[in-house]
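Chemist: My structure file entry_1.txt, compact mmCIF, C-alpha atoms, is below:
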```
# COMPACT_ATOMS: atom_id res chain seq x y z
CA MET E 1 -29.24 -24.81 -36.44
CA ARG E 2 -30.30 -21.37 -37.59
CA ASN E 3 -28.23 -18.22 -37.64
CA TYR E 4 -29.84 -15.29 -35.76
CA SER E 5 -27.13 -12.70 -36.35
CA PHE E 6 -29.39 -10.11 -38.12
CA PRO E 7 -31.98 -9.75 -35.33
CA LEU E 8 -29.19 -9.57 -32.77
CA ALA E 9 -27.38 -6.86 -34.76
CA ALA E 10 -30.63 -4.90 -35.21
CA ALA E 11 -31.41 -5.03 -31.49
CA LEU E 12 -27.89 -3.90 -30.64
CA ALA E 13 -28.08 -0.98 -33.11
CA LEU E 14 -31.46 0.08 -31.67
CA LEU E 15 -30.04 -0.02 -28.16
CA VAL E 16 -27.07 2.17 -29.14
CA VAL E 17 -29.28 4.73 -30.91
CA CYS E 18 -31.71 5.01 -27.99
CA SER E 19 -28.98 5.38 -25.40
CA SER E 20 -27.15 8.08 -27.40
CA GLN E 21 -30.38 10.07 -27.89
CA ALA E 22 -31.12 9.89 -24.17
CA ALA E 23 -27.69 11.30 -23.39
CA GLU E 24 -28.17 14.22 -25.82
CA LYS E 25 -31.54 15.40 -24.45
CA PRO E 26 -31.37 18.80 -22.77
CA ARG E 27 -31.99 18.79 -19.08
CA PRO E 28 -34.39 21.25 -17.47
CA ALA E 29 -32.72 24.15 -15.70
CA GLN E 30 -32.77 24.10 -11.95
CA ALA E 31 -35.34 26.43 -10.46
CA ASN E 32 -33.14 27.85 -7.73
CA GLN E 33 -30.37 29.25 -9.99
CA ASN E 34 -31.69 32.81 -9.59
CA GLN E 35 -31.42 32.69 -5.81
CA PRO E 36 -28.20 34.04 -4.31
CA LYS E 37 -25.89 31.50 -2.77
CA LYS E 38 -25.90 31.26 1.01
CA VAL E 39 -22.62 31.68 2.85
CA TRP E 40 -22.78 29.79 6.11
CA THR E 41 -21.11 31.34 9.15
CA ASN E 42 -20.25 29.88 12.55
CA ASP E 43 -23.40 31.49 14.02
CA ASP E 44 -25.51 29.74 11.38
CA MET E 45 -23.81 26.45 12.21
CA ASP E 46 -24.66 26.90 15.89
CA GLN E 47 -28.32 27.56 15.01
CA LEU E 48 -28.47 24.52 12.74
CA ARG E 49 -26.80 22.38 15.37
CA ALA E 50 -29.35 23.54 17.98
CA ARG E 51 -32.19 22.54 15.66
CA GLY E 52 -30.61 19.11 15.14
CA LEU E 53 -29.93 19.60 11.43
CA ILE E 54 -26.21 18.85 11.71
CA SER E 55 -24.99 15.44 12.70
CA ILE E 56 -21.52 14.81 14.01
CA VAL E 57 -19.94 11.40 13.72
CA GLY E 58 -17.71 10.49 16.63
CA GLN E 59 -17.13 12.36 19.82
CA GLU E 60 -17.11 16.13 19.71
CA VAL E 61 -14.19 17.66 21.52
CA MET E 62 -15.29 20.50 23.76
CA GLN E 63 -12.68 23.24 23.97
CA PRO E 64 -12.96 26.31 26.18
CA ALA E 65 -13.69 29.54 24.35
CA THR E 66 -10.79 31.34 25.95
CA GLN E 67 -7.76 29.20 25.45
CA THR E 68 -4.37 30.43 26.51
CA ALA E 69 -1.44 29.90 24.25
CA ALA E 70 0.08 26.62 25.31
CA ALA E 71 3.80 26.32 25.63
CA PRO E 72 5.22 24.35 22.73
CA ALA E 73 5.58 20.77 23.84
CA GLU E 74 8.99 19.24 23.55
CA THR E 75 9.14 16.55 20.94
CA PRO E 76 9.85 13.18 22.55
CA PHE E 77 11.66 11.98 19.43
CA PRO E 78 14.55 13.73 17.72
CA VAL E 79 13.82 15.24 14.34
CA TYR E 80 16.29 14.50 11.55
CA ALA E 81 16.78 16.44 8.35
CA SER E 82 16.86 13.19 6.37
CA ARG E 83 15.95 9.60 7.06
CA LEU E 84 19.57 8.78 6.24
CA ASP E 85 20.54 10.44 9.53
CA ASP E 86 17.94 8.53 11.56
CA PRO E 87 19.36 5.47 13.39
CA ASP E 88 15.85 4.03 13.85
CA TRP E 89 15.35 3.93 10.07
CA TYR E 90 18.59 1.98 9.69
CA ALA E 91 17.55 -0.43 12.44
CA ALA E 92 14.11 -1.04 10.88
CA THR E 93 15.51 -1.45 7.36
CA ALA E 94 18.26 -3.78 8.59
CA ALA E 95 15.70 -5.87 10.49
CA ASP E 96 13.53 -6.21 7.36
CA LEU E 97 16.51 -7.18 5.22
CA GLN E 98 17.76 -9.65 7.84
CA ALA E 99 14.32 -11.31 7.98
CA GLU E 100 14.30 -11.57 4.18
CA LEU E 101 17.83 -13.00 4.22
CA ASP E 102 16.85 -15.59 6.85
CA LYS E 103 13.83 -16.63 4.79
CA ARG E 104 15.88 -17.01 1.61
CA GLU E 105 18.66 -18.93 3.38
CA ALA E 106 16.05 -21.31 4.83
CA ALA E 107 14.61 -21.90 1.35
CA LEU E 108 18.12 -22.57 0.03
CA ARG E 109 18.85 -25.06 2.84
CA GLU E 110 15.50 -26.77 2.22
CA GLN E 111 16.24 -27.11 -1.51
CA GLN E 112 19.73 -28.46 -0.83
CA ALA E 113 18.33 -30.96 1.71
CA ALA E 114 15.73 -32.10 -0.82
CA ILE E 115 18.47 -32.69 -3.42
CA ALA E 116 20.54 -34.63 -0.88
CA GLN E 117 17.54 -36.78 0.02
CA ALA E 118 16.78 -37.39 -3.66
CA ALA E 119 20.33 -38.67 -4.13
CA ASN E 120 19.54 -41.26 -1.43
CA ARG E 121 16.26 -42.07 -3.19
CA ILE E 122 14.18 -40.32 -0.55
CA THR E 123 11.69 -38.01 -2.24
CA GLN E 124 8.58 -36.14 -1.25
CA PRO E 125 5.42 -37.64 -2.71
CA GLY E 126 3.97 -35.44 -5.41
CA LEU E 127 4.68 -31.96 -6.69
CA ALA E 128 3.47 -28.88 -4.80
CA LEU E 129 1.87 -26.79 -7.53
CA ASP E 130 0.67 -24.15 -5.05
CA LYS E 131 4.25 -23.15 -4.13
CA ASP E 132 6.83 -21.22 -6.12
CA ASN E 133 9.26 -23.30 -8.10
CA ALA E 134 12.91 -22.47 -7.47
CA GLY E 135 13.99 -23.45 -10.98
CA VAL E 136 13.50 -25.79 -13.90
CA THR E 137 16.03 -28.27 -12.59
CA PRO E 138 17.13 -28.79 -8.98
CA ALA E 139 20.59 -27.38 -9.76
CA ALA E 140 19.04 -24.29 -11.39
CA GLY E 141 16.77 -23.90 -8.37
CA VAL E 142 19.75 -23.91 -6.04
CA ALA E 143 21.53 -21.38 -8.27
CA ASN E 144 18.46 -19.10 -8.22
CA LEU E 145 18.17 -19.34 -4.45
CA GLN E 146 21.89 -18.65 -4.00
CA ALA E 147 21.57 -15.57 -6.22
CA GLN E 148 18.65 -14.33 -4.09
CA VAL E 149 20.65 -14.85 -0.89
CA GLN E 150 23.61 -12.97 -2.37
CA GLU E 151 21.34 -10.14 -3.54
CA THR E 152 19.84 -9.68 -0.07
CA GLN E 153 23.28 -9.91 1.56
CA GLY E 154 24.48 -7.24 -0.87
CA GLN E 155 21.59 -4.98 0.14
CA LEU E 156 22.54 -5.44 3.80
CA ASP E 157 26.15 -4.59 2.99
CA GLU E 158 25.10 -1.45 1.09
CA LEU E 159 22.95 -0.38 4.04
CA SER E 160 25.91 -0.89 6.37
CA ASP E 161 28.13 1.23 4.11
CA LEU E 162 25.48 3.96 3.96
CA ALA E 163 25.16 3.95 7.74
CA ARG E 164 28.93 4.27 8.09
CA GLU E 165 28.92 7.26 5.68
CA HIS E 166 26.28 8.99 7.84
CA ASN E 167 28.10 8.32 11.13
CA ILE E 168 25.53 5.82 12.45
CA PRO E 169 27.02 3.65 15.24
CA PRO E 170 27.73 0.06 14.09
CA GLY E 171 25.53 -1.53 16.77
CA VAL E 172 22.37 0.10 15.39
CA LEU E 173 22.14 -2.29 12.46
CA GLY E 174 22.05 -5.27 14.82
CA SER E 175 24.49 -7.40 12.86
```
Is it possible to express this structure as structure tokens?

Modeler:
Amino acid sequence: MRNYSFPLAAALALLVVCSSQAAEKPRPAQANQNQPKKVWTNDDMDQLRARGLISIVGQEVMQPATQTAAAPAETPFPVYASRLDDPDWYAATAADLQAELDKREAALREQQAAIAQAANRITQPGLALDKDNAGVTPAAGVANLQAQVQETQGQLDELSDLAREHNIPPGVLGS
């Protein structure tokens, strides 16, 4: 087996030199630099549109030329200075945390059921490598899952305390 490192190194060096020289070559100046720049006005846009030189994607909204000042529409939703004063934010956040808590509690119950079945010599065939592992040992897995449940429950409790501080009614959180 022969070693072809020198021809490979020479070809690589030639490639680097050629590419760096191509990048350093001066570019020809554009011919239209002496012409003044054109400022387009709305009248010019109308002329270009009439000639078909402007394309519009989507539907063009036609508005009357003389538009009266519309009365400010009332906002259908209340506006809050901070999201901490918004009951809907608390409800959405509490719902997300409750869903996470339910998921973690289900995983904990599943792990505990698997340990109980293993004590009765009932095991699942094989090891699911495509799923997250709760821990190195079954007991460590249960401890990890319990810590996750407690963490999520703590977040729910903190959200409840924050809602109470901002005078949000207790029924908003849905718990």

Chemist: What gap, in Å, lies between CA of Leu156 (chain E) and CA of Ala94 (chain E)?

Modeler: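 That distance, rounded to one decimal, is 6.6 Å.
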
Chemist: Pick the closest to Gln98 (chain E) from E:Val149, E:Ile168, E:Ala118, E:Ala163: which is it, counting all atoms listed in the file?

Modeler: E:Val149

Chemist: Separation of CA of Asp157 (chain E) and CA of Ala140 (chain E), in Å?

Modeler: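 So the answer is 25.4 Å.
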
Chemist: Fewer than 6 positions away in the same chain doesn't count, so skip those; otherwise give me all residues within 12 Å of Arg164 (chain E), counting only C-alpha atoms, as a count of residues only.

Modeler: 10

Chemist: Do you have the CA of Thr152 (chain E)-CA of Ala92 (chain E) distance handy?

Modeler: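 It comes out at 15.1 Å.
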
Chemist: Compute the distance from (16.8, -22.8, 1.9) to each atom, counting only C-alpha atoms, keep the residues with any atom at most 12 Å away, and return them as number ranges by chain; use the coordinates of the file.

Modeler: E: 100-115, 134, 141-149

Chemist: Would you mind exporting the chosen residues as a PDB file, in the frame of the given file, restricted to C-alpha atoms?

Modeler:
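The file below, again.pdb, is the result:
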```pdb
ATOM      1  CA  GLU E 100      14.300 -11.570   4.180  1.00  0.00           C
ATOM      2  CA  LEU E 101      17.830 -13.000   4.220  1.00  0.00           C
ATOM      3  CA  ASP E 102      16.850 -15.590   6.850  1.00  0.00           C
ATOM      4  CA  LYS E 103      13.830 -16.630   4.790  1.00  0.00           C
ATOM      5  CA  ARG E 104      15.880 -17.010   1.610  1.00  0.00           C
ATOM      6  CA  GLU E 105      18.660 -18.930   3.380  1.00  0.00           C
ATOM      7  CA  ALA E 106      16.050 -21.310   4.830  1.00  0.00           C
ATOM      8  CA  ALA E 107      14.610 -21.900   1.350  1.00  0.00           C
ATOM      9  CA  LEU E 108      18.120 -22.570   0.030  1.00  0.00           C
ATOM     10  CA  ARG E 109      18.850 -25.060   2.840  1.00  0.00           C
ATOM     11  CA  GLU E 110      15.500 -26.770   2.220  1.00  0.00           C
ATOM     12  CA  GLN E 111      16.240 -27.110  -1.510  1.00  0.00           C
ATOM     13  CA  GLN E 112      19.730 -28.460  -0.830  1.00  0.00           C
ATOM     14  CA  ALA E 113      18.330 -30.960   1.710  1.00  0.00           C
ATOM     15  CA  ALA E 114      15.730 -32.100  -0.820  1.00  0.00           C
ATOM     16  CA  ILE E 115      18.470 -32.690  -3.420  1.00  0.00           C
ATOM     17  CA  ALA E 134      12.910 -22.470  -7.470  1.00  0.00           C
ATOM     18  CA  GLY E 141      16.770 -23.900  -8.370  1.00  0.00           C
ATOM     19  CA  VAL E 142      19.750 -23.910  -6.040  1.00  0.00           C
ATOM     20  CA  ALA E 143      21.530 -21.380  -8.270  1.00  0.00           C
ATOM     21  CA  ASN E 144      18.460 -19.100  -8.220  1.00  0.00           C
ATOM     22  CA  LEU E 145      18.170 -19.340  -4.450  1.00  0.00           C
ATOM     23  CA  GLN E 146      21.890 -18.650  -4.000  1.00  0.00           C
ATOM     24  CA  ALA E 147      21.570 -15.570  -6.220  1.00  0.00           C
ATOM     25  CA  GLN E 148      18.650 -14.330  -4.090  1.00  0.00           C
ATOM     26  CA  VAL E 149      20.650 -14.850  -0.890  1.00  0.00           C
TER      27      VAL E 149
END
```
